[in-house]
$ cat target-v8.csv   # CSV, C-alpha atoms
chain,number,residue,atom,x,y,z
N,295,PHE,CA,171.9,42.6,198.7
N,296,HIS,CA,170.2,39.6,200.1
N,297,GLN,CA,172.3,36.4,200.7
N,298,ASP,CA,170.7,33.4,199.0
N,299,ALA,CA,173.5,30.9,199.7
N,300,PRO,CA,177.2,31.1,200.6
N,301,LEU,CA,178.8,33.7,198.3
N,302,GLN,CA,175.6,34.2,196.3
N,303,PHE,CA,173.7,37.5,196.6
N,304,THR,CA,170.7,39.1,194.9
N,305,PRO,CA,170.1,42.8,194.7
N,306,VAL,CA,167.2,44.0,196.9
N,307,PRO,CA,164.8,46.4,195.2
N,308,VAL,CA,164.9,50.0,196.5
N,309,ASN,CA,161.1,49.9,196.9
N,310,GLU,CA,161.5,47.4,199.7
N,311,GLY,CA,162.7,50.3,201.9
N,312,ILE,CA,166.4,49.7,202.1
N,313,ASP,CA,167.5,52.8,200.2
N,314,HIS,CA,169.2,55.7,202.0
N,315,ASN,CA,170.8,58.4,199.9
N,316,ARG,CA,174.3,59.5,200.7
N,317,SER,CA,174.8,57.2,203.6
N,318,HIS,CA,177.3,58.5,206.1
N,319,GLY,CA,178.2,56.9,209.4
N,320,VAL,CA,176.8,53.6,210.7
N,321,VAL,CA,176.1,52.0,214.0
N,322,VAL,CA,175.6,48.2,214.4
N,323,ALA,CA,173.9,46.9,217.6
N,324,ASP,CA,171.0,44.7,218.8
N,325,PHE,CA,168.8,47.7,219.5
N,326,ASP,CA,165.6,45.7,220.0
N,327,ARG,CA,167.4,43.0,222.1
N,328,ASP,CA,166.1,40.1,220.0
N,329,GLY,CA,169.4,38.5,219.3
N,330,ASP,CA,170.2,39.8,215.8
N,331,LEU,CA,172.1,43.0,214.7
N,332,ASP,CA,170.3,46.1,213.5
N,333,LEU,CA,171.7,49.2,211.8
N,334,VAL,CA,171.4,52.9,212.2
N,335,VAL,CA,172.7,54.8,209.2
N,336,GLY,CA,173.3,58.6,209.0
N,337,HIS,CA,173.1,60.9,206.0
N,338,SER,CA,175.6,63.3,204.6
N,339,ARG,CA,174.9,66.5,202.7
N,340,SER,CA,178.5,66.5,201.3
N,341,ARG,CA,178.9,66.2,197.6
N,342,CYS,CA,175.2,66.8,196.8
N,343,ASP,CA,174.5,67.0,193.1
N,344,THR,CA,170.9,67.7,192.0
N,345,THR,CA,171.6,66.5,188.5
N,346,ARG,CA,172.2,63.0,189.6
N,347,PRO,CA,169.8,60.3,190.9
N,348,ASN,CA,169.7,59.6,194.6
N,349,ASP,CA,170.6,63.1,195.5
N,350,CYS,CA,170.8,64.4,199.1
N,351,TYR,CA,167.7,64.8,201.3
N,352,GLU,CA,166.5,68.3,202.1
N,353,THR,CA,167.3,67.8,205.8
N,354,ARG,CA,169.6,65.5,207.6
N,355,GLN,CA,168.3,62.0,207.9
N,356,VAL,CA,169.0,59.0,210.1
N,357,ARG,CA,167.5,55.7,209.2
N,358,PHE,CA,167.0,52.6,211.4
N,359,PHE,CA,167.1,49.2,209.7
N,360,GLU,CA,165.7,46.5,211.9
N,361,ASN,CA,167.0,43.0,211.1
N,362,ILE,CA,163.9,40.7,210.8
N,363,LEU,CA,165.6,37.9,208.9
N,364,GLY,CA,168.4,36.9,211.3
N,365,GLU,CA,166.2,35.6,214.1
N,366,THR,CA,166.5,31.9,213.3
N,367,GLY,CA,170.1,31.1,214.5
N,368,ASN,CA,171.4,30.9,218.0
N,369,TRP,CA,173.4,33.8,219.5
N,370,VAL,CA,175.1,35.1,222.6
N,371,GLN,CA,176.0,38.6,223.8
N,372,LEU,CA,178.6,39.6,226.4
N,373,ASP,CA,178.6,43.0,228.1
N,374,LEU,CA,182.0,43.3,229.7
N,375,VAL,CA,182.8,45.3,232.8
N,376,GLY,CA,186.5,46.0,233.4
N,377,GLY,CA,188.0,46.0,236.9
N,378,THR,CA,191.3,46.7,238.6
N,379,GLY,CA,194.0,47.7,236.2
N,380,SER,CA,191.5,47.9,233.2
N,381,ASN,CA,189.1,50.5,232.0
N,382,ARG,CA,185.5,50.1,233.1
N,383,ALA,CA,184.3,49.8,229.5
N,384,ALA,CA,186.7,46.9,228.9
N,385,ILE,CA,187.9,48.6,225.7
N,386,GLY,CA,190.7,46.5,224.3
N,387,ALA,CA,189.4,43.2,225.8
N,388,ARG,CA,189.8,40.2,223.4
N,389,VAL,CA,187.0,37.7,223.5
N,390,SER,CA,187.1,34.2,221.9
N,391,LEU,CA,184.2,31.9,221.6
N,392,GLN,CA,184.6,28.2,220.7
N,393,THR,CA,181.8,25.9,219.8
N,394,GLU,CA,182.0,22.4,218.4
N,395,MET,CA,182.0,23.9,214.9
N,396,THR,CA,184.1,27.1,215.0
N,397,VAL,CA,186.2,29.6,216.9
N,398,GLN,CA,185.3,33.3,216.7
N,399,THR,CA,187.2,36.3,218.1
N,400,ARG,CA,186.1,39.8,218.8
N,401,GLU,CA,187.7,42.9,220.4
N,402,VAL,CA,185.8,45.5,222.4
N,403,SER,CA,186.3,48.8,220.6
N,404,GLY,CA,185.8,52.4,221.7
N,405,GLY,CA,184.9,53.7,218.3
N,406,TYR,CA,186.5,54.4,215.0
N,407,GLY,CA,186.7,58.2,214.9
N,408,HIS,CA,185.4,58.3,211.3
N,409,PHE,CA,182.2,60.2,210.9
N,410,GLY,CA,180.8,59.1,214.2
N,411,ALA,CA,180.9,55.4,213.3
N,412,GLN,CA,180.6,53.2,216.4
N,413,ASN,CA,179.4,49.7,217.1
N,414,ASP,CA,177.8,48.6,220.4
N,415,ARG,CA,180.3,47.8,223.1
N,416,VAL,CA,178.4,44.6,223.8
N,417,VAL,CA,180.2,41.7,222.0
N,418,HIS,CA,177.8,39.7,219.8
N,419,PHE,CA,178.4,36.2,218.5
N,420,GLY,CA,176.2,34.2,216.1
N,421,LEU,CA,176.3,30.5,217.1
N,422,GLY,CA,174.4,28.9,214.2
N,423,SER,CA,173.0,25.7,215.5
N,424,ALA,CA,175.3,25.5,218.6
N,425,CYS,CA,173.6,25.8,222.0
N,426,THR,CA,176.7,26.3,224.2
N,427,GLY,CA,180.2,27.5,223.9
N,428,GLN,CA,183.4,28.2,225.7
N,429,VAL,CA,184.4,31.8,226.2
N,430,THR,CA,187.9,33.1,226.9
N,431,ILE,CA,188.3,36.8,227.8
N,432,GLN,CA,191.7,38.5,227.8
N,433,TRP,CA,191.2,41.7,229.8
N,434,PRO,CA,193.0,44.9,228.9
N,435,ASP,CA,195.2,45.1,232.1
N,436,SER,CA,199.0,44.9,232.2
N,437,GLU,CA,198.8,41.1,233.1
N,438,ARG,CA,196.3,40.4,230.3
N,439,SER,CA,194.4,38.5,232.9
N,440,THR,CA,192.0,35.8,231.6
N,441,THR,CA,188.5,34.7,232.4
N,442,ARG,CA,187.0,31.4,231.0
N,443,LEU,CA,183.3,30.4,231.2
N,444,THR,CA,180.7,28.3,229.5
N,445,ILE,CA,177.8,30.2,227.9
N,446,HIS,CA,174.4,29.2,226.7
N,447,ALA,CA,172.7,30.4,223.5
N,448,GLY,CA,170.0,33.1,223.6
N,449,VAL,CA,171.4,34.9,226.6
N,450,ARG,CA,172.9,38.4,227.1
N,451,TYR,CA,175.5,38.1,229.9
N,452,ARG,CA,177.2,40.8,231.9
N,453,VAL,CA,180.8,39.5,232.7
N,454,ALA,CA,182.9,41.5,235.2
N,455,GLN,CA,186.6,41.2,235.4
N,456,ASP,CA,186.3,40.4,239.1
N,457,GLY,CA,184.6,37.1,238.1
N,458,GLU,CA,180.9,38.1,238.6
N,459,VAL,CA,178.7,36.8,235.8
N,460,SER,CA,175.0,37.6,235.4
N,461,GLU,CA,172.3,37.2,232.8
N,462,LEU,CA,170.7,40.4,231.6
$ encode --input "target-v8.csv" --output "structure tokens"
Amino acid sequence: FHQDAPLQFTPVPVNEGIDHNRSHGVVVADFDRDGDLDLVVGHSRSRCDTTRPNDCYETRQVRFFENILGETGNWVQLDLVGGTGSNRAAIGARVSLQTEMTVQTREVSGGYGHFGAQNDRVVHFGLGSACTGQVTIQWPDSERSTTRLTIHAGVRYRVAQDGEVSEL
């Protein structure tokens, strides 16, 4: 579906290249580092039925769907690096981003354990028209230590628990 307006969607025709029979497993990440989220979708040969439309492919398939429509809004990405008392991947960290219009919260996840589904560890926020925001990171250590910083749109940051912040 393509979103036309809030809560209004129109089906996208299969001939536009969005079909993927028997989808199974998905990864969401900014693969091309252009600020919007792309998809990789796997294919399952489970429950194949040659008498039905959209049957299984003859071989296993993986499809990449590049997001070419989401490049108009502002965004920020945070690659967290855990430190003393945390895991290096910062799995379990809770990140909140506040702009003048909204507050968003994400948690760093290590995966879902369901058919290989996994999103990128890099935390991605869409900012809309906002150009800056205030970030609060609660690290996954026993003290739930906190880092606060101001971010700017259109940047991928590496934020270490020890306080080091760099642009990537």
$ residues_near_point --input "target-v8.csv" --point "(190.6, 50.0, 232.5)" --cutoff "12 Å" --atoms "all atoms listed in the file" --output "number ranges by chain"
N: 374-387, 433-436, 438, 454-455
$ atom_distance --input "target-v8.csv" --atom1 "CA of Phe295 (chain N)" --atom2 "CA of His337 (chain N)"
19.7 Å
$ atom_distance --input "target-v8.csv" --atom1 "CA of Ser423 (chain N)" --atom2 "CA of Gln371 (chain N)"
15.6 Å
$ closest_residue --input "target-v8.csv" --among "N:Phe359, N:Phe419, N:Tyr351, N:Phe303" --to "Gly448 (chain N)" --atoms "all atoms listed in the file"
N:Phe419
$ atom_distance --input "target-v8.csv" --atom1 "CA of Glu352 (chain N)" --atom2 "CA of Arg316 (chain N)"
11.8 Å
$ residues_around --input "target-v8.csv" --residues "region 320-326 of chain N" --least-positions-apart "6" --cutoff "10 Å" --atoms "all atoms listed in the file" --output "PyMOL selection string"
chain N and resi 332-337+356-361+371+405+408-418
$ residues_around --input "target-v8.csv" --residues "Ser340 (chain N)" --least-positions-apart "2" --cutoff "12 Å" --atoms "all atoms listed in the file" --output "PyMOL selection string"
chain N and resi 315-318+337-338+342-343+349-351+354
$ write_last_selection --input "target-v8.csv" --atoms "C-alpha atoms" --output "PDB file, keeping the file's coordinate frame"
ATOM      1  CA  ASN N 315     170.800  58.400 199.900  1.00  0.00           C
ATOM      2  CA  ARG N 316     174.300  59.500 200.700  1.00  0.00           C
ATOM      3  CA  SER N 317     174.800  57.200 203.600  1.00  0.00           C
ATOM      4  CA  HIS N 318     177.300  58.500 206.100  1.00  0.00           C
ATOM      5  CA  HIS N 337     173.100  60.900 206.000  1.00  0.00           C
ATOM      6  CA  SER N 338     175.600  63.300 204.600  1.00  0.00           C
ATOM      7  CA  CYS N 342     175.200  66.800 196.800  1.00  0.00           C
ATOM      8  CA  ASP N 343     174.500  67.000 193.100  1.00  0.00           C
ATOM      9  CA  ASP N 349     170.600  63.100 195.500  1.00  0.00           C
ATOM     10  CA  CYS N 350     170.800  64.400 199.100  1.00  0.00           C
ATOM     11  CA  TYR N 351     167.700  64.800 201.300  1.00  0.00           C
ATOM     12  CA  ARG N 354     169.600  65.500 207.600  1.00  0.00           C
TER      13      ARG N 354
END
$ closest_residue --input "target-v8.csv" --among "N:Gln398, N:Thr430, N:Gly319, N:Arg442" --to "Gln355 (chain N)" --atoms "all atoms listed in the file"
N:Gly319
$ closest_residue --input "target-v8.csv" --among "N:Leu363, N:Gly420, N:Gln297, N:Leu372" --to "Thr444 (chain N)" --atoms "only C-alpha atoms"
N:Leu372
$ residues_around --input "target-v8.csv" --residues "Ser460 (chain N)" --least-positions-apart "3" --cutoff "9 Å" --atoms "only C-alpha atoms" --output "list in words"
Arg450, Tyr451, Arg452, Val453 and Ala454 of chain N
$ residues_near_point --input "target-v8.csv" --point "(177.0, 28.9, 216.7)" --cutoff "9 Å" --atoms "all atoms listed in the file" --output "compact mmCIF listing (two decimals) with C-alpha atoms, in the frame of the given file"
# COMPACT_ATOMS: atom_id res chain seq x y z
CA GLY N 367 170.10 31.10 214.50
CA ASN N 368 171.40 30.90 218.00
CA TRP N 369 173.40 33.80 219.50
CA VAL N 370 175.10 35.10 222.60
CA GLN N 392 184.60 28.20 220.70
CA THR N 393 181.80 25.90 219.80
CA GLU N 394 182.00 22.40 218.40
CA MET N 395 182.00 23.90 214.90
CA THR N 396 184.10 27.10 215.00
CA PHE N 419 178.40 36.20 218.50
CA GLY N 420 176.20 34.20 216.10
CA LEU N 421 176.30 30.50 217.10
CA GLY N 422 174.40 28.90 214.20
CA SER N 423 173.00 25.70 215.50
CA ALA N 424 175.30 25.50 218.60
CA CYS N 425 173.60 25.80 222.00
CA THR N 426 176.70 26.30 224.20
CA GLY N 427 180.20 27.50 223.90
CA ALA N 447 172.70 30.40 223.50
